[in-house]
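**Q** Quick one: the structure is below, and I'll ask about it shortly.
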Amino acid sequence: LSGGFAGWASQKAEACERSYETFLNSTSCAKDAACWKDGEKPCSCLMKMDMDELLKAQSASGFFAAPTVDGVNLPYAPTDALKAKKVHRDVPIIIGTAIEDSFVDIGANAEMDDFKQWLATVLPEGKVSEVFNKYKESLSEQNLYDKANKFSHEGWSPAYWAARR
């Protein structure tokens, strides 16, 4: 269980709507009326959008995604469900993520050269440069410290978080 019962483990429908609207306004699809209509499927404009443009819009808008308490598919936030005894005791659950749960610590102020040196200790010799370059070119990694993620990564260098992933 990693954060499953934290306040950010779910969001209210209103917060989800605001996040979507801010995100949509950060894209070229903001002028597409179909994207503003309620529906079960994402609008076709967003579905056709290039991944790089989607990632840029995500970073620019501070888009936040979490399970949405809508009263139908997810009637309660996890903590509220426990308090209201609206859980099934015989159904096991796994909640969380382990993307940054590595025990690797190359130092909070590590430089990218330190990261590359660490990669050399865990990868075959011929793969170090390839993996290092993919990491440095990754748009999601470049935006690791922007907007929504910044609060959880302040105080540690990009190289530190690279090694933790």
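Labels used: A, B, ... for chains in the order of the structure tokens, numbers from 1 for residues in each chain, and numbers from 1 for ligands as shown.
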Could you please write out, as a PyMOL selection string, every residue of chain A that DSSP assigns to helix (DSSP H, G or I)?
**A** chain A and resi 7-9+13-25+28-31+33-36+44-48+51-61+78-83+112-122+125-137+139-142+147-153+158-164
**Q** Excluding range 71-76 of chain A and residues on its chain fewer than 6 positions from it, collect all residues at most 10 Å away from it, counting only C-alpha atoms, and give them as a list in words.
**A** Ser10, Gln11, Lys12, Ala13, Leu82, Lys83, Ala84, Lys86 and Val87 of chain A
**Q** Emit the selected residues as a PDB file, in the first residue's frame, including N, CA, C and O atoms.
**A**
```
ATOM      1  N   SER A  10      -7.310  10.094  -4.586  1.00  0.00           N
ATOM      2  CA  SER A  10      -8.492  10.242  -5.433  1.00  0.00           C
ATOM      3  C   SER A  10      -8.824  11.725  -5.505  1.00  0.00           C
ATOM      4  O   SER A  10      -8.285  12.522  -4.757  1.00  0.00           O
ATOM      5  N   GLN A  11      -9.705  12.061  -6.431  1.00  0.00           N
ATOM      6  CA  GLN A  11     -10.127  13.456  -6.566  1.00  0.00           C
ATOM      7  C   GLN A  11     -11.632  13.516  -6.777  1.00  0.00           C
ATOM      8  O   GLN A  11     -12.239  12.566  -7.252  1.00  0.00           O
ATOM      9  N   LYS A  12     -12.213  14.632  -6.408  1.00  0.00           N
ATOM     10  CA  LYS A  12     -13.639  14.839  -6.641  1.00  0.00           C
ATOM     11  C   LYS A  12     -13.866  15.121  -8.117  1.00  0.00           C
ATOM     12  O   LYS A  12     -12.973  15.607  -8.820  1.00  0.00           O
ATOM     13  N   ALA A  13     -15.070  14.854  -8.584  1.00  0.00           N
ATOM     14  CA  ALA A  13     -15.396  15.046  -9.994  1.00  0.00           C
ATOM     15  C   ALA A  13     -15.171  16.498 -10.429  1.00  0.00           C
ATOM     16  O   ALA A  13     -14.696  16.750 -11.539  1.00  0.00           O
ATOM     17  N   LEU A  82     -13.643   3.433   3.898  1.00  0.00           N
ATOM     18  CA  LEU A  82     -13.318   2.734   5.147  1.00  0.00           C
ATOM     19  C   LEU A  82     -14.147   3.260   6.311  1.00  0.00           C
ATOM     20  O   LEU A  82     -14.701   2.480   7.087  1.00  0.00           O
ATOM     21  N   LYS A  83     -14.230   4.583   6.432  1.00  0.00           N
ATOM     22  CA  LYS A  83     -14.997   5.193   7.523  1.00  0.00           C
ATOM     23  C   LYS A  83     -16.467   4.799   7.472  1.00  0.00           C
ATOM     24  O   LYS A  83     -17.098   4.597   8.501  1.00  0.00           O
ATOM     25  N   ALA A  84     -17.021   4.714   6.257  1.00  0.00           N
ATOM     26  CA  ALA A  84     -18.435   4.372   6.078  1.00  0.00           C
ATOM     27  C   ALA A  84     -18.666   2.858   6.055  1.00  0.00           C
ATOM     28  O   ALA A  84     -19.798   2.417   5.886  1.00  0.00           O
ATOM     29  N   LYS A  86     -17.871   0.781   3.814  1.00  0.00           N
ATOM     30  CA  LYS A  86     -18.336   0.423   2.474  1.00  0.00           C
ATOM     31  C   LYS A  86     -17.222  -0.293   1.705  1.00  0.00           C
ATOM     32  O   LYS A  86     -16.942   0.010   0.557  1.00  0.00           O
ATOM     33  N   VAL A  87     -16.586  -1.227   2.359  1.00  0.00           N
ATOM     34  CA  VAL A  87     -15.527  -2.021   1.739  1.00  0.00           C
ATOM     35  C   VAL A  87     -15.879  -3.502   1.872  1.00  0.00           C
ATOM     36  O   VAL A  87     -16.621  -3.899   2.762  1.00  0.00           O
TER      37      VAL A  87
END
```
**Q** Skipping near chain neighbours, those fewer than 5 positions away, what residues fall within 10 Å of Cys45 in chain A using only C-alpha atoms, listed as a PDB file with N, CA and C atoms, in the first residue's frame?
**A**
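Writing the result to part.pdb gives the following:
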```
ATOM      1  N   THR A  27      -4.100  22.917 -25.296  1.00  0.00           N
ATOM      2  CA  THR A  27      -3.909  22.166 -26.543  1.00  0.00           C
ATOM      3  C   THR A  27      -4.548  22.900 -27.719  1.00  0.00           C
ATOM      4  N   SER A  28      -4.252  22.398 -28.904  1.00  0.00           N
ATOM      5  CA  SER A  28      -4.890  22.932 -30.108  1.00  0.00           C
ATOM      6  C   SER A  28      -6.344  22.466 -30.220  1.00  0.00           C
ATOM      7  N   CYS A  29      -6.757  21.549 -29.358  1.00  0.00           N
ATOM      8  CA  CYS A  29      -8.136  21.032 -29.396  1.00  0.00           C
ATOM      9  C   CYS A  29      -9.118  21.920 -28.641  1.00  0.00           C
ATOM     10  N   ALA A  30      -8.639  22.983 -28.010  1.00  0.00           N
ATOM     11  CA  ALA A  30      -9.512  23.855 -27.221  1.00  0.00           C
ATOM     12  C   ALA A  30     -10.633  24.456 -28.059  1.00  0.00           C
ATOM     13  N   LYS A  31     -10.415  24.587 -29.365  1.00  0.00           N
ATOM     14  CA  LYS A  31     -11.424  25.177 -30.251  1.00  0.00           C
ATOM     15  C   LYS A  31     -12.403  24.150 -30.794  1.00  0.00           C
ATOM     16  N   ASP A  32     -12.185  22.876 -30.485  1.00  0.00           N
ATOM     17  CA  ASP A  32     -13.038  21.798 -30.986  1.00  0.00           C
ATOM     18  C   ASP A  32     -14.226  21.618 -30.027  1.00  0.00           C
ATOM     19  N   ALA A  34     -16.498  19.482 -29.843  1.00  0.00           N
ATOM     20  CA  ALA A  34     -16.722  18.103 -29.394  1.00  0.00           C
ATOM     21  C   ALA A  34     -15.925  17.786 -28.137  1.00  0.00           C
ATOM     22  N   CYS A  35     -14.813  18.464 -27.946  1.00  0.00           N
ATOM     23  CA  CYS A  35     -13.974  18.209 -26.768  1.00  0.00           C
ATOM     24  C   CYS A  35     -14.585  18.775 -25.488  1.00  0.00           C
TER      25      CYS A  35
END
```
